[in-house]
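Source file: upload.pdb. Holds: PDB, C-alpha atoms.
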```pdb
MODEL        1
ATOM      1  CA  MET A   1       0.000   0.000   0.000
ATOM      2  CA  SER A   2       1.358   3.386  -0.955
ATOM      3  CA  SER A   3       1.616   6.259   1.500
ATOM      4  CA  ASP A   4       0.395   9.791   0.851
ATOM      5  CA  ALA A   5       3.996  10.791   0.139
ATOM      6  CA  ASP A   6       4.324   7.935  -2.383
ATOM      7  CA  ILE A   7       1.163   9.106  -4.140
ATOM      8  CA  VAL A   8       2.443  12.682  -4.319
ATOM      9  CA  LEU A   9       5.761  11.633  -5.863
ATOM     10  CA  LEU A  10       4.155   9.182  -8.269
ATOM     11  CA  SER A  11       1.594  11.761  -9.392
ATOM     12  CA  LEU A  12       4.238  14.452  -9.935
ATOM     13  CA  LEU A  13       6.394  12.031 -11.898
ATOM     14  CA  ALA A  14       3.359  10.869 -13.888
ATOM     15  CA  GLU A  15       2.991  14.506 -15.021
ATOM     16  CA  GLN A  16       6.566  14.499 -16.303
ATOM     17  CA  PRO A  17       9.949  12.982 -15.454
ATOM     18  CA  ARG A  18      11.763  14.959 -12.756
ATOM     19  CA  HIS A  19      14.801  14.841 -10.486
ATOM     20  CA  GLY A  20      14.688  15.247  -6.714
ATOM     21  CA  TYR A  21      15.394  18.980  -6.620
ATOM     22  CA  ASP A  22      12.641  19.640  -9.146
ATOM     23  CA  LEU A  23      10.231  17.449  -7.174
ATOM     24  CA  ASP A  24      11.028  19.378  -4.013
ATOM     25  CA  ARG A  25      10.458  22.706  -5.791
ATOM     26  CA  VAL A  26       7.036  21.618  -7.104
ATOM     27  CA  ILE A  27       6.057  20.168  -3.708
ATOM     28  CA  GLU A  28       6.895  23.496  -2.105
ATOM     29  CA  GLN A  29       5.211  25.586  -4.824
ATOM     30  CA  ARG A  30       1.963  23.661  -4.677
ATOM     31  CA  GLY A  31       1.818  23.669  -0.886
ATOM     32  CA  TYR A  32       1.869  19.887  -0.532
ATOM     33  CA  ARG A  33       3.824  20.159   2.715
ATOM     34  CA  GLN A  34       0.704  21.676   4.261
ATOM     35  CA  TRP A  35      -0.926  18.234   4.382
ATOM     36  CA  THR A  36       1.863  15.674   3.995
ATOM     37  CA  SER A  37       4.993  14.969   5.966
ATOM     38  CA  LEU A  38       7.050  15.090   2.788
ATOM     39  CA  ALA A  39      10.294  16.802   3.802
ATOM     40  CA  PHE A  40      13.111  17.526   1.367
ATOM     41  CA  SER A  41      15.260  14.881   3.034
ATOM     42  CA  SER A  42      12.630  12.192   2.436
ATOM     43  CA  VAL A  43      12.268  12.833  -1.314
ATOM     44  CA  TYR A  44      15.443  10.926  -2.171
ATOM     45  CA  TYR A  45      14.633   8.116   0.232
ATOM     46  CA  LEU A  46      11.198   7.729  -1.377
ATOM     47  CA  LEU A  47      12.636   7.875  -4.893
ATOM     48  CA  LYS A  48      14.979   5.022  -3.976
ATOM     49  CA  ARG A  49      12.201   3.010  -2.312
ATOM     50  CA  LEU A  50       9.749   3.507  -5.194
ATOM     51  CA  SER A  51      12.498   2.523  -7.642
ATOM     52  CA  GLU A  52      13.243  -0.630  -5.667
ATOM     53  CA  ARG A  53       9.528  -1.503  -5.853
ATOM     54  CA  GLY A  54       9.663  -1.129  -9.641
ATOM     55  CA  LEU A  55       7.315   1.869  -9.646
ATOM     56  CA  LEU A  56       9.933   4.326 -10.930
ATOM     57  CA  GLU A  57      12.977   4.077 -13.148
ATOM     58  CA  PRO A  58      15.771   6.509 -13.933
ATOM     59  CA  ASP A  59      15.862   8.115 -17.359
ATOM     60  CA  GLU A  60      18.681   6.791 -19.497
ATOM     61  CA  GLY A  61      21.985   8.526 -18.892
ATOM     62  CA  SER A  62      20.989  10.389 -15.726
ATOM     63  CA  GLN A  63      22.686   9.592 -12.445
ATOM     64  CA  GLY A  64      23.571  10.893  -8.993
ATOM     65  CA  ARG A  65      21.590  13.609  -7.224
ATOM     66  CA  ARG A  66      20.274  14.889 -10.566
ATOM     67  CA  THR A  67      18.923  11.522 -11.668
ATOM     68  CA  VAL A  68      15.690  12.090 -13.541
ATOM     69  CA  PHE A  69      12.997   9.542 -12.690
ATOM     70  CA  ARG A  70       9.900   8.517 -14.586
ATOM     71  CA  VAL A  71       6.939   6.349 -13.622
ATOM     72  CA  THR A  72       6.843   2.777 -14.891
ATOM     73  CA  ASP A  73       3.669   1.009 -16.016
ATOM     74  CA  ALA A  74       3.605  -0.681 -12.604
ATOM     75  CA  GLY A  75       3.904   2.771 -11.009
ATOM     76  CA  ARG A  76       0.967   4.116 -13.014
ATOM     77  CA  HIS A  77      -1.088   1.090 -11.975
ATOM     78  CA  GLU A  78      -0.137   1.577  -8.303
ATOM     79  CA  LEU A  79      -0.916   5.301  -8.527
ATOM     80  CA  ARG A  80      -4.375   4.641 -10.012
ATOM     81  CA  ASN A  81      -5.192   2.043  -7.356
ATOM     82  CA  ALA A  82      -3.861   4.043  -4.403
ATOM     83  CA  ALA A  83      -5.482   7.296  -5.560
ATOM     84  CA  SER A  84      -8.813   5.549  -6.192
ATOM     85  CA  ALA A  85      -8.748   3.997  -2.724
ATOM     86  CA  ARG A  86      -8.097   7.406  -1.136
ATOM     87  CA  VAL A  87     -10.878   9.128  -3.079
ATOM     88  CA  LEU A  88     -13.411   6.422  -2.188
ATOM     89  CA  SER A  89     -12.542   6.149   1.518
ATOM     90  CA  PRO A  90     -13.387   9.054   3.800
ATOM     91  CA  ALA A  91     -10.446   9.465   6.134
ATOM     92  CA  PRO A  92     -11.059   9.147   9.866
ATOM     93  CA  PRO A  93     -10.411  12.325  11.835
ATOM     94  CA  SER A  94      -6.806  12.681  12.844
ATOM     95  CA  ALA A  95      -6.026  12.250  16.492
ATOM     96  CA  GLY A  96      -5.260  15.873  17.338
ATOM     97  CA  VAL A  97      -7.780  17.526  19.601
ATOM     98  CA  LEU A  98     -10.312  14.698  19.878
ATOM     99  CA  PRO A  99      -8.508  12.383  22.315
ATOM    100  CA  ALA A 100      -7.047  15.412  24.097
ATOM    101  CA  LEU A 101     -10.535  16.402  25.259
ATOM    102  CA  ASN A 102     -10.566  13.258  27.387
ATOM    103  CA  ALA A 103      -7.619  14.601  29.380
ATOM    104  CA  TYR A 104      -9.898  17.167  31.017
ATOM    105  CA  PRO A 105     -12.538  16.145  33.555
ATOM    106  CA  ARG A 106     -15.070  18.666  32.216
ATOM    107  CA  LEU A 107     -15.433  20.759  29.068
ATOM    108  CA  ASP A 108     -15.692  23.891  31.195
ATOM    109  CA  ASP A 109     -12.303  23.227  32.800
ATOM    110  CA  PRO A 110     -10.644  26.683  32.792
ATOM    111  CA  ALA A 111      -7.386  25.279  31.415
ATOM    112  CA  LEU A 112      -9.229  23.632  28.503
ATOM    113  CA  VAL A 113     -11.260  26.781  27.807
ATOM    114  CA  ALA A 114      -8.047  28.837  27.648
ATOM    115  CA  LEU A 115      -6.496  26.309  25.274
ATOM    116  CA  LEU A 116      -9.583  26.279  23.052
ATOM    117  CA  GLU A 117      -9.451  30.076  22.879
ATOM    118  CA  GLN A 118      -5.800  29.815  21.797
ATOM    119  CA  ARG A 119      -6.843  27.162  19.284
ATOM    120  CA  VAL A 120      -9.290  29.629  17.711
ATOM    121  CA  GLU A 121      -6.446  32.125  17.251
ATOM    122  CA  ALA A 122      -4.160  29.435  15.809
ATOM    123  CA  LEU A 123      -6.868  28.298  13.369
ATOM    124  CA  LEU A 124      -7.475  31.887  12.243
ATOM    125  CA  GLY A 125      -3.735  32.268  11.627
ATOM    126  CA  ARG A 126      -3.594  28.963   9.785
ATOM    127  CA  LEU A 127      -6.497  30.012   7.566
ATOM    128  CA  ASP A 128      -4.751  33.296   6.709
ATOM    129  CA  GLU A 129      -1.595  31.315   5.840
ATOM    130  CA  LEU A 130      -3.476  28.825   3.658
ATOM    131  CA  ARG A 131      -5.341  31.566   1.809
ATOM    132  CA  ALA A 132      -2.074  33.406   1.125
ATOM    133  CA  LEU A 133      -0.442  30.215  -0.172
ATOM    134  CA  ARG A 134      -3.488  29.437  -2.318
ATOM    135  CA  ALA A 135      -3.173  32.838  -3.972
ATOM    136  CA  GLN A 136       0.303  31.851  -5.184
ATOM    137  CA  VAL A 137      -0.702  28.739  -7.151
ATOM    138  CA  ASP A 138      -2.588  28.340 -10.377
ATOM    139  CA  GLU A 139      -2.620  24.584 -10.991
ATOM    140  CA  GLU A 140      -6.219  23.360 -10.838
ATOM    141  CA  HIS A 141      -5.500  20.332  -8.640
ATOM    142  CA  ALA A 142      -3.360  22.398  -6.244
ATOM    143  CA  LEU A 143      -6.214  24.903  -5.928
ATOM    144  CA  ALA A 144      -8.616  22.041  -5.183
ATOM    145  CA  ILE A 145      -6.287  20.761  -2.461
ATOM    146  CA  PHE A 146      -6.066  24.203  -0.870
ATOM    147  CA  ASP A 147      -9.852  24.617  -1.080
ATOM    148  CA  TYR A 148     -10.330  21.285   0.689
ATOM    149  CA  GLU A 149      -7.847  22.153   3.438
ATOM    150  CA  ILE A 150      -9.321  25.634   3.916
ATOM    151  CA  LEU A 151     -12.810  24.140   4.288
ATOM    152  CA  ARG A 152     -11.466  21.568   6.756
ATOM    153  CA  GLN A 153      -9.811  24.262   8.847
ATOM    154  CA  GLU A 154     -12.957  26.416   8.695
ATOM    155  CA  ALA A 155     -14.992  23.433   9.948
ATOM    156  CA  ASP A 156     -12.501  22.944  12.800
ATOM    157  CA  LEU A 157     -12.785  26.646  13.641
ATOM    158  CA  THR A 158     -16.594  26.467  13.616
ATOM    159  CA  TRP A 159     -16.527  23.364  15.843
ATOM    160  CA  THR A 160     -14.058  24.970  18.295
ATOM    161  CA  GLN A 161     -16.069  28.199  18.478
ATOM    162  CA  SER A 162     -19.324  26.279  19.005
ATOM    163  CA  LEU A 163     -17.719  24.255  21.801
ATOM    164  CA  LEU A 164     -16.615  27.485  23.482
ATOM    165  CA  LYS A 165     -20.144  28.935  23.098
ATOM    166  CA  LYS A 166     -21.642  25.782  24.622
ATOM    167  CA  VAL A 167     -19.263  25.960  27.556
ATOM    168  CA  ASP A 168     -20.033  29.665  27.973
ATOM    169  CA  SER A 169     -23.820  29.122  27.845
ATOM    170  CA  ASP A 170     -23.615  26.185  30.307
ATOM    171  CA  GLU A 171     -21.884  28.455  32.821
ATOM    172  CA  ASP A 172     -24.750  30.981  32.775
TER     173      ASP A 172
ENDMDL
END
```
Encoded form (structure tokens):
Amino acid sequence: MSSDADIVLLSLLAEQPRHGYDLDRVIEQRGYRQWTSLAFSSVYYLLKRLSERGLLEPDEGSQGRRTVFRVTDAGRHELRNAASARVLSPAPPSAGVLPALNAYPRLDDPALVALLEQRVEALLGRLDELRALRAQVDEEHALAIFDYEILRQEADLTWTQSLLKKVDSDED
């Protein structure tokens, strides 16, 4: 099973053959680091691993750090299957705040309320950051990814604010 990072690299290489530095540049430009743990240092590791699995191959004559990779037929098949599985399967919510709520005996715990208020500020900042990054891209799929993440963050903000309102109204 391919990871999110595998899917990103395979999809970028399915667009066109690239070397690691170019992949890193596109990953940064399109804001993919906003939702994957795809660091520059892991690009070369993943290229090697995907090559060993037969999903990528180097272009003839390229070598070293500037080796240009392209997707094999097996890689295109894996990409289609992995991408289809992700599109069809709604992801469970990430751990984050949900299990953390259990660490507090009550939702109106003053320490939790203060943290939720800080969370609202952090979410507002994150939304400003995402909107600014979105304004810098023009690829249709990158825009769709930013739109999805912005909506997700807005939903988190709405949920956090409603939780704070509930706590506030319960105290009255």
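For the file at hand, the PyMOL selection byres ((chain A and resi 12-24) around 6) resolves to A:Leu9, A:Leu10, A:Ser11, A:Arg25, A:Val26, A:Ile27, A:Arg66, A:Thr67, A:Val68, A:Phe69, A:Arg70, A:Val71.
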Determine, using all atoms listed in the file, which residues of segment 26-66 of chain A have any atom at most 9 Å from an atom of segment 116-135 of chain A, and tabulate each with its shortest atom pair and distance in Å to one decimal place, rows ordered by chain and then rising number, as a tab-separated table.
```
residue	atom	partner	partner_atom	distance
A:Gln29	CA	A:Leu133	CA	8.7
A:Arg30	CA	A:Arg134	CA	8.3
A:Gly31	CA	A:Leu133	CA	7.0
A:Gln34	CA	A:Leu130	CA	8.3
```
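The spacing separating atom CA of Ser41 of chain A from atom CA of Ala5 of chain A amounts to 12.3 Å.
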What does the structure give for the distance between atom CA of Gln161 of chain A and atom CA of Pro105 of chain A, in Å to one decimal? 19.6 Å
Near Asp109 of chain A, within 12 Å and counting all atoms listed in the file, which residues show up once chain neighbours fewer than 5 positions away are dropped, as a short mmCIF file (atom, residue, chain, number, x, y, z; two decimals) with C-alpha atoms, in the frame of the given file?
```cif
data_model
loop_
_atom_site.label_atom_id
_atom_site.label_comp_id
_atom_site.auth_asym_id
_atom_site.auth_seq_id
_atom_site.Cartn_x
_atom_site.Cartn_y
_atom_site.Cartn_z
CA LEU A 101 -10.54 16.40 25.26
CA ASN A 102 -10.57 13.26 27.39
CA ALA A 103 -7.62 14.60 29.38
CA TYR A 104 -9.90 17.17 31.02
CA ALA A 114 -8.05 28.84 27.65
CA LEU A 115 -6.50 26.31 25.27
CA LEU A 116 -9.58 26.28 23.05
CA LEU A 164 -16.61 27.48 23.48
CA VAL A 167 -19.26 25.96 27.56
CA ASP A 168 -20.03 29.66 27.97
CA ASP A 170 -23.62 26.18 30.31
CA GLU A 171 -21.88 28.46 32.82
#
```
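For the pair atom CA of Ser169 of chain A and atom CA of Leu157 of chain A, the interatomic distance is 18.2 Å.
Comparing A:Glu52, A:Ala100, A:Lys166, A:Val8 by their smallest distance to Arg80 of chain A, the closest is A:Val8 (using all atoms listed in the file).
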